[in-house]
There are 2 protein chains.
Amino acid sequence: MPNPFDNISVKNREKLLKLLEAHTYYFQKNSSILPIIKEENMLGILLTGYLQIIKIDHNGNKTIIEEINEMELFGSNISSLKNNENEVIVKEDSEIILLDYNHITQQEDEKKDYYNQFIKNLLKIFILKLNEKNERIEVLTKKTIRNRLLEYFNMEANKHGSKYVYLPFNFTDLADYLGVDRSAMSREMKYLKEEGLIKVKGKKITILFERT
Amino acid sequence: MPNPFDNISVKNREKLLKLLEAHTYYFQKNSSILPIIKEENMLGILLTGYLQIIKIDHNGNKTIIEEINEMELFGSNISSLKNNENEVIVKEDSEIILLDYNHITQQEDEKKDYYNQFIKNLLKIFILKLNEKNERIEVLTKKTIRNRLLEYFNMEANKHGSKYVYLPFNFTDLADYLGVDRSAMSREMKYLKEEGLIKVKGKKITILFERT
DNA sequence: AAAAACATGTTGCACTTGCAACAAATAAGA
DNA sequence: TCTTATTTGTTGCAAGTGCAACATGTTTTT
């Protein structure tokens, strides 16, 4: 994922942030984050540290919806923060820039190179994010666990054009990503293995069916 | 949804399209669209006409994934076009601009106002689209039809801050949006009505449970 | 190295859901 | 208007899945 400040010098970054009326906040590990980020039209940039967006359901079960690493974006429009069950938590001391989308898109002064560069960077990031979301929707609209798994494996394998998939998360998180119960997914994967459709070795999946 | 050419004059639009190496194509109703649009990094803008992105499953059943109206965007990254089952079909004579994202984000010449305006317009559109996708994911990760319906109604009602939801599509399409079987959804809505959680009059839903 | 926390595998069971098939109601086209 | 196509409602049934509960394995913390 590109960095939002790619090709922008440190000096220009400061000018940019002033132009966009951005504010920098510091949060200590485990502190709760400003509710302002949940508001419409707010964009956050994590400069340093590590955040998670989690969901706490009515039983108190936590699931990680999204991880935010350094130089990544988050916010109510691009993450899932509108839902009241969802929260941003600070897992490590973090430095965060908050700004309002309207200050970006309603900017009059367009002669500044660093401003234009920033917008182009955001555009690139948003295209990639849209792509990720579309992929997830593609998977989530499959009606059975089996089909979600196969669609996911097929898609990931095709990205590298090989029959191997290296899972970017553990099985618990994969179940969350696919929107299914972990134990039911585990059962389904057993069947897939038994039927010779896949082979599993840790996080490396080998696809034995014909990819489409 | 904003227009990608907002605040850009017709004259400048032409310059812009030349700058971005865009090509204009004309398609007749029911003609098949260029396979080029399915390629990575292609962005389409529908100037005039009407398109649909549809999925044809192995049984030959068609479902409409997305509708593209005049001045709307589509493309492999922002729509779901990577899947082989999905196709763009021309429902009415259409005039389409095709361009490559790389020509947008790798543009060196940044002094042109119309170019910067175009990028800002795209940014706005992408933020809205990301938001829509997030909402759909939020709904699709609910595990029962009941919870998907309730989440959807709750979300839509909260947008206007009222207890009413006016469905933007018919029930068949709602079932597609929620990723569930139509008849099963119909059954579940019957239960919701019987239990006094909702009231349905055509496309107007009244929410009788407490919104969150 | 021991303890605690977390991840994975397994299974019975009740409940939910997709699917198929059909009737009835609406809408669209000739 | 009549005909045809599409949408909506309904239901039986088999298959799929969530949930709970627990055992085992692995990683992290102290």
# chains A, B, ... in the order shown; residues from 1 in each chain; ligands from 1
>>> select_by_dssp(residues="chain B", states="strand (DSSP E)", output="compact mmCIF listing (two decimals) with N, CA and C atoms, in the first residue's frame")
# COMPACT_ATOMS: atom_id res chain seq x y z
N HIS B 23 -9.72 7.13 -24.32
CA HIS B 23 -10.36 6.82 -25.59
C HIS B 23 -11.86 6.75 -25.40
N THR B 24 -12.56 7.23 -26.39
CA THR B 24 -14.02 7.19 -26.33
C THR B 24 -14.53 6.07 -27.22
N TYR B 25 -15.49 5.32 -26.70
CA TYR B 25 -16.06 4.22 -27.46
C TYR B 25 -17.58 4.36 -27.50
N TYR B 26 -18.14 3.88 -28.58
CA TYR B 26 -19.60 3.90 -28.71
C TYR B 26 -20.08 2.46 -28.81
N PHE B 27 -21.08 2.14 -28.01
CA PHE B 27 -21.63 0.80 -28.03
C PHE B 27 -23.12 0.85 -28.29
N MET B 42 -8.08 -0.34 -15.41
CA MET B 42 -8.88 0.43 -16.35
C MET B 42 -10.04 1.08 -15.62
N LEU B 43 -10.27 2.32 -15.98
CA LEU B 43 -11.38 3.08 -15.41
C LEU B 43 -12.30 3.49 -16.54
N GLY B 44 -13.59 3.22 -16.38
CA GLY B 44 -14.57 3.62 -17.37
C GLY B 44 -15.46 4.74 -16.84
N ILE B 45 -15.80 5.65 -17.71
CA ILE B 45 -16.78 6.68 -17.36
C ILE B 45 -17.88 6.61 -18.40
N LEU B 46 -19.09 6.40 -17.93
CA LEU B 46 -20.22 6.33 -18.85
C LEU B 46 -20.75 7.74 -19.10
N LEU B 47 -20.52 8.25 -20.31
CA LEU B 47 -20.98 9.62 -20.62
C LEU B 47 -22.48 9.65 -20.84
N THR B 48 -22.95 8.79 -21.74
CA THR B 48 -24.39 8.70 -21.96
C THR B 48 -24.75 7.24 -22.14
N GLY B 49 -25.97 6.89 -21.77
CA GLY B 49 -26.45 5.53 -21.93
C GLY B 49 -26.71 4.86 -20.59
N TYR B 50 -26.66 3.55 -20.60
CA TYR B 50 -26.97 2.79 -19.38
C TYR B 50 -26.33 1.41 -19.47
N LEU B 51 -25.61 1.05 -18.42
CA LEU B 51 -24.93 -0.25 -18.38
C LEU B 51 -25.36 -1.02 -17.14
N GLN B 52 -25.16 -2.31 -17.21
CA GLN B 52 -25.33 -3.13 -16.01
C GLN B 52 -24.14 -4.06 -15.88
N ILE B 53 -23.75 -4.29 -14.66
CA ILE B 53 -22.76 -5.33 -14.40
C ILE B 53 -23.53 -6.51 -13.84
N ILE B 54 -23.47 -7.61 -14.54
CA ILE B 54 -24.28 -8.76 -14.13
C ILE B 54 -23.40 -9.98 -13.90
N LYS B 55 -23.95 -10.87 -13.13
CA LYS B 55 -23.29 -12.15 -12.87
C LYS B 55 -24.14 -13.25 -13.47
N ILE B 56 -23.51 -14.14 -14.20
CA ILE B 56 -24.24 -15.29 -14.73
C ILE B 56 -23.64 -16.53 -14.08
N LYS B 62 -29.12 -14.93 -14.10
CA LYS B 62 -28.51 -13.61 -14.12
C LYS B 62 -28.90 -12.83 -12.87
N THR B 63 -27.95 -12.16 -12.28
CA THR B 63 -28.28 -11.20 -11.24
C THR B 63 -27.53 -9.91 -11.52
N ILE B 64 -28.20 -8.82 -11.25
CA ILE B 64 -27.59 -7.51 -11.46
C ILE B 64 -26.74 -7.15 -10.25
N ILE B 65 -25.46 -6.97 -10.49
CA ILE B 65 -24.56 -6.61 -9.40
C ILE B 65 -24.51 -5.10 -9.21
N GLU B 66 -24.51 -4.39 -10.31
CA GLU B 66 -24.35 -2.96 -10.24
C GLU B 66 -25.01 -2.33 -11.46
N GLU B 67 -25.58 -1.17 -11.27
CA GLU B 67 -26.12 -0.41 -12.39
C GLU B 67 -25.24 0.80 -12.61
N ILE B 68 -24.95 1.08 -13.86
CA ILE B 68 -24.12 2.25 -14.18
C ILE B 68 -24.97 3.23 -14.97
N LEU B 73 -18.92 5.93 -12.73
CA LEU B 73 -17.66 5.23 -12.99
C LEU B 73 -17.82 3.73 -12.86
N PHE B 74 -16.98 3.02 -13.56
CA PHE B 74 -16.90 1.58 -13.37
C PHE B 74 -15.50 1.14 -13.78
N GLY B 75 -15.18 -0.11 -13.48
CA GLY B 75 -13.85 -0.60 -13.79
C GLY B 75 -13.48 -1.76 -12.89
N ASN B 86 -18.65 -12.42 -14.15
CA ASN B 86 -19.25 -11.09 -14.21
C ASN B 86 -18.98 -10.41 -15.55
N GLU B 87 -19.99 -9.73 -16.02
CA GLU B 87 -19.89 -9.08 -17.32
C GLU B 87 -20.52 -7.69 -17.30
N VAL B 88 -20.02 -6.83 -18.16
CA VAL B 88 -20.67 -5.54 -18.38
C VAL B 88 -21.56 -5.70 -19.59
N ILE B 89 -22.82 -5.34 -19.46
CA ILE B 89 -23.69 -5.38 -20.64
C ILE B 89 -24.28 -4.01 -20.91
N VAL B 90 -24.45 -3.74 -22.20
CA VAL B 90 -24.92 -2.44 -22.65
C VAL B 90 -26.43 -2.51 -22.81
N LYS B 91 -27.15 -1.85 -21.92
CA LYS B 91 -28.61 -1.92 -21.98
C LYS B 91 -29.20 -0.84 -22.87
N GLU B 92 -28.44 0.24 -23.05
CA GLU B 92 -28.87 1.29 -23.97
C GLU B 92 -27.65 1.84 -24.68
N ASP B 93 -27.85 2.33 -25.90
CA ASP B 93 -26.73 2.90 -26.65
C ASP B 93 -25.89 3.76 -25.72
N SER B 94 -24.59 3.53 -25.73
CA SER B 94 -23.76 4.16 -24.72
C SER B 94 -22.48 4.74 -25.30
N GLU B 95 -22.05 5.79 -24.65
CA GLU B 95 -20.81 6.46 -25.00
C GLU B 95 -19.91 6.36 -23.77
N ILE B 96 -18.76 5.74 -23.95
CA ILE B 96 -17.91 5.40 -22.81
C ILE B 96 -16.51 5.93 -22.99
N ILE B 97 -15.98 6.48 -21.92
CA ILE B 97 -14.57 6.88 -21.92
C ILE B 97 -13.79 5.84 -21.13
N LEU B 98 -12.71 5.38 -21.73
CA LEU B 98 -11.86 4.43 -21.01
C LEU B 98 -10.49 5.05 -20.80
N LEU B 99 -9.99 4.91 -19.57
CA LEU B 99 -8.64 5.38 -19.34
C LEU B 99 -7.94 4.52 -18.30
N ASP B 100 -6.65 4.68 -18.26
CA ASP B 100 -5.81 3.85 -17.40
C ASP B 100 -5.47 4.64 -16.14
N TYR B 164 -38.32 5.37 9.26
CA TYR B 164 -38.78 4.86 7.95
C TYR B 164 -37.61 4.56 7.03
N VAL B 165 -37.77 3.51 6.26
CA VAL B 165 -36.80 3.18 5.22
C VAL B 165 -37.54 3.05 3.91
N TYR B 166 -37.07 3.75 2.89
CA TYR B 166 -37.64 3.60 1.56
C TYR B 166 -36.66 2.78 0.73
N ILE B 198 -41.21 -4.91 12.37
CA ILE B 198 -41.29 -3.98 11.25
C ILE B 198 -42.70 -3.96 10.70
N LYS B 199 -42.97 -2.93 9.90
CA LYS B 199 -44.22 -2.84 9.18
C LYS B 199 -43.85 -2.55 7.74
N VAL B 200 -44.50 -3.24 6.80
CA VAL B 200 -44.12 -3.09 5.40
C VAL B 200 -45.31 -2.65 4.57
N LYS B 201 -45.08 -1.59 3.79
CA LYS B 201 -46.12 -1.13 2.88
C LYS B 201 -45.42 -0.79 1.57
N LYS B 204 -41.95 0.92 1.49
CA LYS B 204 -41.76 1.70 2.71
C LYS B 204 -41.78 0.78 3.93
N ILE B 205 -40.67 0.74 4.62
CA ILE B 205 -40.57 -0.08 5.82
C ILE B 205 -40.60 0.83 7.04
N THR B 206 -41.41 0.48 8.00
CA THR B 206 -41.43 1.22 9.26
C THR B 206 -40.76 0.37 10.33
N ILE B 207 -39.84 0.97 11.02
CA ILE B 207 -39.06 0.25 12.03
C ILE B 207 -39.70 0.42 13.39
>>> residues_around(residues="DT11 in chain C", least_positions_apart="6", cutoff="12 Å", atoms="only C-alpha atoms (C1' of nucleotides)", output="ChimeraX atom specification")
/A:183-184,186-187 /D:19-23
>>> write_last_selection(atoms="N, CA and C atoms (P, O5', C5', C4', C3', O3' and C1' of nucleotides)", output="PDB file, in the first residue's frame")
ATOM      1  N   SER A 183     -15.424 -22.945  13.802  1.00  0.00           N
ATOM      2  CA  SER A 183     -15.449 -24.405  13.896  1.00  0.00           C
ATOM      3  C   SER A 183     -16.114 -25.018  12.661  1.00  0.00           C
ATOM      4  N   ALA A 184     -17.115 -24.320  12.154  1.00  0.00           N
ATOM      5  CA  ALA A 184     -17.775 -24.812  10.940  1.00  0.00           C
ATOM      6  C   ALA A 184     -16.822 -24.728   9.750  1.00  0.00           C
ATOM      7  N   SER A 186     -13.567 -24.940   9.987  1.00  0.00           N
ATOM      8  CA  SER A 186     -12.584 -25.999  10.235  1.00  0.00           C
ATOM      9  C   SER A 186     -13.110 -27.338   9.705  1.00  0.00           C
ATOM     10  N   ARG A 187     -14.366 -27.587   9.984  1.00  0.00           N
ATOM     11  CA  ARG A 187     -15.007 -28.818   9.493  1.00  0.00           C
ATOM     12  C   ARG A 187     -15.013 -28.854   7.962  1.00  0.00           C
TER      13      ARG A 187
ATOM     14  P    DC D  19     -23.477 -17.990  16.159  1.00  0.00           P
ATOM     15  O5'  DC D  19     -23.587 -19.018  17.379  1.00  0.00           O
ATOM     16  C5'  DC D  19     -24.784 -19.765  17.548  1.00  0.00           C
ATOM     17  C4'  DC D  19     -24.566 -20.855  18.572  1.00  0.00           C
ATOM     18  C3'  DC D  19     -23.500 -20.544  19.635  1.00  0.00           C
ATOM     19  O3'  DC D  19     -24.104 -20.663  20.900  1.00  0.00           O
ATOM     20  C1'  DC D  19     -23.218 -22.726  18.752  1.00  0.00           C
ATOM     21  P    DA D  20     -23.345 -20.117  22.213  1.00  0.00           P
ATOM     22  O5'  DA D  20     -23.095 -21.472  23.028  1.00  0.00           O
ATOM     23  C5'  DA D  20     -24.077 -22.496  22.984  1.00  0.00           C
ATOM     24  C4'  DA D  20     -23.458 -23.780  23.470  1.00  0.00           C
ATOM     25  C3'  DA D  20     -22.372 -23.603  24.536  1.00  0.00           C
ATOM     26  O3'  DA D  20     -22.611 -24.505  25.595  1.00  0.00           O
ATOM     27  C1'  DA D  20     -21.536 -24.888  22.753  1.00  0.00           C
ATOM     28  P    DA D  21     -21.794 -24.403  26.970  1.00  0.00           P
ATOM     29  O5'  DA D  21     -21.232 -25.880  27.163  1.00  0.00           O
ATOM     30  C5'  DA D  21     -21.550 -26.926  26.249  1.00  0.00           C
ATOM     31  C4'  DA D  21     -20.343 -27.816  26.072  1.00  0.00           C
ATOM     32  C3'  DA D  21     -19.207 -27.555  27.073  1.00  0.00           C
ATOM     33  O3'  DA D  21     -18.870 -28.766  27.725  1.00  0.00           O
ATOM     34  C1'  DA D  21     -18.377 -27.639  24.859  1.00  0.00           C
ATOM     35  P    DC D  22     -17.835 -28.792  28.946  1.00  0.00           P
ATOM     36  O5'  DC D  22     -16.563 -29.467  28.275  1.00  0.00           O
ATOM     37  C5'  DC D  22     -16.747 -30.688  27.552  1.00  0.00           C
ATOM     38  C4'  DC D  22     -15.568 -30.903  26.643  1.00  0.00           C
ATOM     39  C3'  DC D  22     -14.211 -30.780  27.354  1.00  0.00           C
ATOM     40  O3'  DC D  22     -13.589 -32.055  27.364  1.00  0.00           O
ATOM     41  C1'  DC D  22     -14.216 -29.759  25.211  1.00  0.00           C
ATOM     42  P    DA D  23     -12.161 -32.243  28.062  1.00  0.00           P
ATOM     43  O5'  DA D  23     -11.265 -32.521  26.783  1.00  0.00           O
ATOM     44  C5'  DA D  23     -11.644 -33.534  25.849  1.00  0.00           C
ATOM     45  C4'  DA D  23     -10.574 -33.626  24.784  1.00  0.00           C
ATOM     46  C3'  DA D  23      -9.148 -33.685  25.342  1.00  0.00           C
ATOM     47  O3'  DA D  23      -8.374 -34.579  24.539  1.00  0.00           O
ATOM     48  C1'  DA D  23      -9.403 -31.741  24.018  1.00  0.00           C
TER      49       DA D  23
END
>>> interface_residues(of="chain D", to="chain B", cutoff="8 Å", atoms="only C-alpha atoms (C1' of nucleotides)", output="NGL selection string")
:D and (7-9)
>>> interface_residues(of="chain C", to="chain B", cutoff="10 Å", atoms="only C-alpha atoms (C1' of nucleotides)", output="PyMOL selection string")
chain C and resi 16-19
>>> write_last_selection(atoms="N, CA and C atoms (P, O5', C5', C4', C3', O3' and C1' of nucleotides)", output="mmCIF file, in the first residue's frame")
data_model
loop_
_atom_site.group_PDB
_atom_site.id
_atom_site.type_symbol
_atom_site.label_atom_id
_atom_site.label_comp_id
_atom_site.auth_asym_id
_atom_site.auth_seq_id
_atom_site.Cartn_x
_atom_site.Cartn_y
_atom_site.Cartn_z
ATOM 1 P P DT C 16 -33.713 -20.315 14.222
ATOM 2 O "O5'" DT C 16 -32.918 -20.134 12.848
ATOM 3 C "C5'" DT C 16 -31.504 -20.154 12.898
ATOM 4 C "C4'" DT C 16 -30.962 -20.236 11.504
ATOM 5 C "C3'" DT C 16 -31.711 -19.406 10.472
ATOM 6 O "O3'" DT C 16 -30.713 -18.698 9.762
ATOM 7 C "C1'" DT C 16 -31.543 -21.653 9.725
ATOM 8 P P DT C 17 -31.022 -17.669 8.632
ATOM 9 O "O5'" DT C 17 -30.958 -18.572 7.343
ATOM 10 C "C5'" DT C 17 -29.707 -19.161 7.019
ATOM 11 C "C4'" DT C 17 -29.867 -20.031 5.810
ATOM 12 C "C3'" DT C 17 -30.610 -19.344 4.670
ATOM 13 O "O3'" DT C 17 -29.651 -19.112 3.674
ATOM 14 C "C1'" DT C 17 -31.347 -21.604 4.999
ATOM 15 P P DG C 18 -29.926 -18.452 2.279
ATOM 16 O "O5'" DG C 18 -29.928 -19.698 1.297
ATOM 17 C "C5'" DG C 18 -28.785 -20.525 1.250
ATOM 18 C "C4'" DG C 18 -29.065 -21.733 0.365
ATOM 19 C "C3'" DG C 18 -29.551 -21.391 -1.044
ATOM 20 O "O3'" DG C 18 -28.923 -22.304 -1.928
ATOM 21 C "C1'" DG C 18 -31.183 -22.711 0.074
ATOM 22 P P DC C 19 -29.015 -22.092 -3.493
ATOM 23 O "O5'" DC C 19 -30.117 -23.157 -3.923
ATOM 24 C "C5'" DC C 19 -30.104 -24.454 -3.342
ATOM 25 C "C4'" DC C 19 -31.389 -25.187 -3.688
ATOM 26 C "C3'" DC C 19 -32.028 -24.770 -5.017
ATOM 27 O "O3'" DC C 19 -32.145 -25.935 -5.816
ATOM 28 C "C1'" DC C 19 -33.635 -24.873 -3.297
#
>>> calpha_fit_and_write(fixed="chain A", moving="chain B", output="compact mmCIF listing (two decimals) with C-alpha atoms, in the first residue's frame")
# COMPACT_ATOMS: atom_id res chain seq x y z
CA MET B 1 0.01 0.00 -0.01
CA PRO B 2 1.52 3.40 -0.96
CA ASN B 3 2.40 5.91 1.71
CA PRO B 4 0.12 8.99 1.79
CA PHE B 5 3.21 11.20 1.99
CA ASP B 6 5.13 9.58 -0.85
CA ASN B 7 7.17 12.16 -2.73
CA ILE B 8 6.44 14.86 -0.20
CA SER B 9 9.34 16.25 1.82
CA VAL B 10 9.11 16.60 5.58
CA LYS B 11 9.08 20.34 5.24
CA ASN B 12 6.27 20.25 2.73
CA ARG B 13 4.39 17.76 4.79
CA GLU B 14 4.19 20.29 7.56
CA LYS B 15 2.95 22.95 5.21
CA LEU B 16 0.43 20.53 3.83
CA LEU B 17 -0.92 19.64 7.24
CA LYS B 18 -1.28 23.28 8.10
CA LEU B 19 -3.06 23.90 4.84
CA LEU B 20 -5.48 21.06 5.53
CA GLU B 21 -6.04 22.13 9.11
CA ALA B 22 -4.84 18.79 10.36
CA HIS B 23 -4.27 18.09 14.04
CA THR B 24 -1.77 15.72 15.52
CA TYR B 25 -2.68 13.63 18.54
CA TYR B 26 -0.65 11.37 20.75
CA PHE B 27 -2.18 8.33 22.37
CA GLN B 28 -0.71 6.00 24.91
CA LYS B 29 -1.02 2.26 24.61
CA ASN B 30 -4.46 1.05 25.71
CA SER B 31 -5.80 4.58 25.97
CA SER B 32 -9.13 5.16 24.29
CA ILE B 33 -9.13 7.14 21.12
CA LEU B 34 -10.94 10.41 20.53
CA PRO B 35 -14.55 9.87 19.56
CA ILE B 36 -13.99 12.50 16.87
CA ILE B 37 -12.56 9.85 14.56
CA LYS B 38 -15.94 8.15 14.39
CA GLU B 39 -17.51 11.26 12.96
CA GLU B 40 -18.47 11.54 9.35
CA ASN B 41 -15.76 12.80 7.01
CA MET B 42 -12.82 12.33 9.33
CA LEU B 43 -9.66 10.82 7.97
CA GLY B 44 -6.92 9.50 10.22
CA ILE B 45 -3.32 8.83 9.31
CA LEU B 46 -1.29 6.75 11.71
CA LEU B 47 2.23 8.21 11.71
CA THR B 48 3.75 5.88 14.26
CA GLY B 49 2.36 3.12 16.44
CA TYR B 50 -0.26 0.46 15.92
CA LEU B 51 -4.06 0.48 16.04
CA GLN B 52 -6.80 -2.05 15.69
CA ILE B 53 -10.40 -1.62 14.74
CA ILE B 54 -12.36 -4.16 16.71
CA LYS B 55 -15.93 -5.22 17.11
CA ILE B 56 -17.35 -6.13 20.48
CA ASP B 57 -20.60 -8.00 20.15
CA HIS B 58 -23.33 -8.25 22.76
CA ASN B 59 -21.64 -11.30 24.31
CA GLY B 60 -18.43 -9.34 24.77
CA ASN B 61 -16.57 -11.26 22.09
CA LYS B 62 -13.88 -9.21 20.40
CA THR B 63 -12.96 -9.64 16.78
CA ILE B 64 -10.36 -7.68 14.89
CA ILE B 65 -11.90 -6.01 11.87
CA GLU B 66 -8.89 -4.14 10.64
CA GLU B 67 -5.30 -3.55 11.62
CA ILE B 68 -3.76 -0.13 11.13
CA ASN B 69 -0.01 -0.01 10.76
CA GLU B 70 2.26 2.99 10.41
CA MET B 71 1.44 5.30 7.54
CA GLU B 72 -1.92 3.68 6.95
CA LEU B 73 -5.26 5.41 6.76
CA PHE B 74 -8.44 4.91 8.70
CA GLY B 75 -11.69 6.76 9.25
CA SER B 76 -15.43 6.41 9.28
CA ASN B 77 -15.73 6.32 5.51
CA ILE B 78 -12.92 3.96 4.68
CA SER B 79 -13.03 1.68 7.70
CA SER B 80 -16.13 0.33 9.41
CA LEU B 81 -16.54 2.81 12.19
CA LYS B 82 -20.13 3.88 11.85
CA ASN B 83 -21.38 0.87 13.73
CA ASN B 84 -21.55 1.47 17.46
CA GLU B 85 -20.15 -1.96 18.17
CA ASN B 86 -16.90 -0.98 16.47
CA GLU B 87 -14.04 0.79 18.17
CA VAL B 88 -10.53 1.97 17.47
CA ILE B 89 -8.10 0.79 20.10
CA VAL B 90 -4.53 1.88 20.61
CA LYS B 91 -2.31 -1.18 20.89
CA GLU B 92 0.94 0.75 20.95
CA ASP B 93 1.83 4.35 21.69
CA SER B 94 0.64 6.17 18.61
CA GLU B 95 0.93 9.44 16.81
CA ILE B 96 -2.11 10.24 14.72
CA ILE B 97 -3.02 12.94 12.26
CA LEU B 98 -6.69 13.75 11.97
CA LEU B 99 -8.17 15.78 9.18
CA ASP B 100 -11.48 16.49 7.56
CA TYR B 101 -12.13 15.28 4.01
CA ASN B 102 -13.83 18.53 3.24
CA HIS B 103 -10.58 20.36 3.82
CA ILE B 104 -9.02 18.16 1.20
CA THR B 105 -11.62 18.26 -1.52
CA GLN B 106 -12.72 21.82 -1.00
CA GLN B 107 -9.22 23.20 -1.13
CA GLU B 108 -9.06 26.24 -3.38
CA ASP B 109 -5.34 26.73 -3.49
CA GLU B 110 -4.29 24.20 -6.06
CA LYS B 111 -0.97 25.58 -7.10
CA LYS B 112 0.96 23.78 -4.43
CA ASP B 113 2.78 20.74 -5.68
CA TYR B 114 2.76 18.94 -2.37
CA TYR B 115 -1.00 19.29 -2.16
CA ASN B 116 -1.51 17.79 -5.60
CA GLN B 117 0.93 15.04 -4.81
CA PHE B 118 -0.98 14.23 -1.64
CA ILE B 119 -4.25 13.93 -3.51
CA LYS B 120 -2.68 11.64 -6.05
CA ASN B 121 -1.32 9.47 -3.27
CA LEU B 122 -4.72 9.26 -1.65
CA LEU B 123 -6.27 8.34 -4.97
CA LYS B 124 -3.88 5.44 -5.39
CA ILE B 125 -4.57 4.21 -1.88
CA PHE B 126 -8.31 4.45 -2.33
CA ILE B 127 -8.22 2.50 -5.57
CA LEU B 128 -6.39 -0.31 -3.81
CA LYS B 129 -8.77 -0.20 -0.90
CA LEU B 130 -11.79 -0.33 -3.20
CA ASN B 131 -10.28 -3.35 -4.83
CA GLU B 132 -9.84 -5.11 -1.49
CA LYS B 133 -13.40 -4.36 -0.49
CA ASN B 134 -14.72 -5.68 -3.77
CA GLU B 135 -12.83 -8.89 -3.31
CA ARG B 136 -14.24 -9.35 0.14
CA ILE B 137 -17.78 -8.69 -1.10
CA GLU B 138 -17.25 -11.19 -3.88
CA VAL B 139 -16.37 -13.81 -1.27
CA LEU B 140 -19.08 -12.85 1.21
CA THR B 141 -21.88 -13.19 -1.32
CA LYS B 142 -21.15 -16.89 -1.76
CA LYS B 143 -23.80 -18.83 0.07
CA THR B 144 -21.87 -21.72 1.58
CA ILE B 145 -18.67 -21.95 3.59
CA ARG B 146 -17.28 -24.27 0.97
CA ASN B 147 -17.85 -21.78 -1.82
CA ARG B 148 -16.44 -18.92 0.19
CA LEU B 149 -13.28 -20.88 0.85
CA LEU B 150 -12.92 -22.00 -2.74
CA GLU B 151 -13.57 -18.50 -4.09
CA TYR B 152 -11.05 -17.05 -1.69
CA PHE B 153 -8.36 -19.61 -2.48
CA ASN B 154 -8.99 -19.29 -6.18
CA MET B 155 -8.72 -15.52 -6.05
CA GLU B 156 -5.57 -15.46 -3.97
CA ALA B 157 -3.87 -18.09 -6.08
CA ASN B 158 -4.70 -16.21 -9.26
CA LYS B 159 -3.04 -13.11 -7.90
CA HIS B 160 0.30 -14.84 -8.12
CA GLY B 161 -0.75 -17.12 -10.94
CA SER B 162 0.24 -20.19 -8.99
CA LYS B 163 -1.54 -23.02 -7.23
CA TYR B 164 -0.27 -21.92 -3.83
CA VAL B 165 -1.87 -19.58 -1.34
CA TYR B 166 -0.01 -18.25 1.66
CA LEU B 167 -2.60 -17.16 4.16
CA PRO B 168 -2.00 -13.64 5.41
CA PHE B 169 -3.77 -14.48 8.64
CA ASN B 170 -4.47 -17.35 10.99
CA PHE B 171 -7.53 -19.58 10.69
CA THR B 172 -9.48 -17.71 13.31
CA ASP B 173 -9.05 -14.49 11.38
CA LEU B 174 -9.75 -16.21 8.08
CA ALA B 175 -13.11 -17.30 9.47
CA ASP B 176 -13.82 -13.68 10.40
CA TYR B 177 -12.82 -12.50 6.96
CA LEU B 178 -15.15 -15.03 5.38
CA GLY B 179 -17.90 -14.19 7.84
CA VAL B 180 -18.36 -17.75 9.07
CA ASP B 181 -18.06 -19.68 12.29
CA ARG B 182 -14.51 -20.86 12.90
CA SER B 183 -15.37 -24.40 13.91
CA ALA B 184 -17.72 -24.81 10.97
CA MET B 185 -14.96 -23.57 8.68
CA SER B 186 -12.54 -26.00 10.23
CA ARG B 187 -14.98 -28.81 9.51
CA GLU B 188 -15.44 -27.71 5.93
CA MET B 189 -11.69 -27.54 5.37
CA LYS B 190 -11.42 -31.08 6.63
CA TYR B 191 -13.90 -32.17 3.96
CA LEU B 192 -12.01 -30.23 1.27
CA LYS B 193 -8.81 -31.99 2.28
CA GLU B 194 -10.50 -35.40 2.34
CA GLU B 195 -11.98 -34.81 -1.09
CA GLY B 196 -8.60 -33.88 -2.45
CA LEU B 197 -9.52 -30.32 -3.40
CA ILE B 198 -6.84 -28.69 -1.30
CA LYS B 199 -3.75 -29.55 0.68
CA VAL B 200 -2.89 -27.65 3.84
CA LYS B 201 0.49 -27.25 5.48
CA GLY B 202 0.43 -24.54 8.09
CA LYS B 203 -0.49 -21.36 6.29
CA LYS B 204 0.40 -22.74 2.90
CA ILE B 205 -2.57 -24.00 0.93
CA THR B 206 -2.09 -25.96 -2.27
CA ILE B 207 -4.94 -25.84 -4.72
CA LEU B 208 -5.66 -29.16 -6.39
CA PHE B 209 -8.83 -28.16 -8.24
CA GLU B 210 -8.85 -26.36 -11.55
CA ARG B 211 -8.62 -22.61 -11.09
CA THR B 212 -10.97 -20.38 -13.04
>>> atom_distance(atom1="C1' of DG12 in chain D", atom2="C1' of DA25 in chain C")
22.9 Å
>>> select_by_dssp(residues="range 8-205 of chain B", states="alpha helix (DSSP H)", output="ChimeraX atom specification")
/B:10-19,101-105,113-140,145-160,171-178,182-194
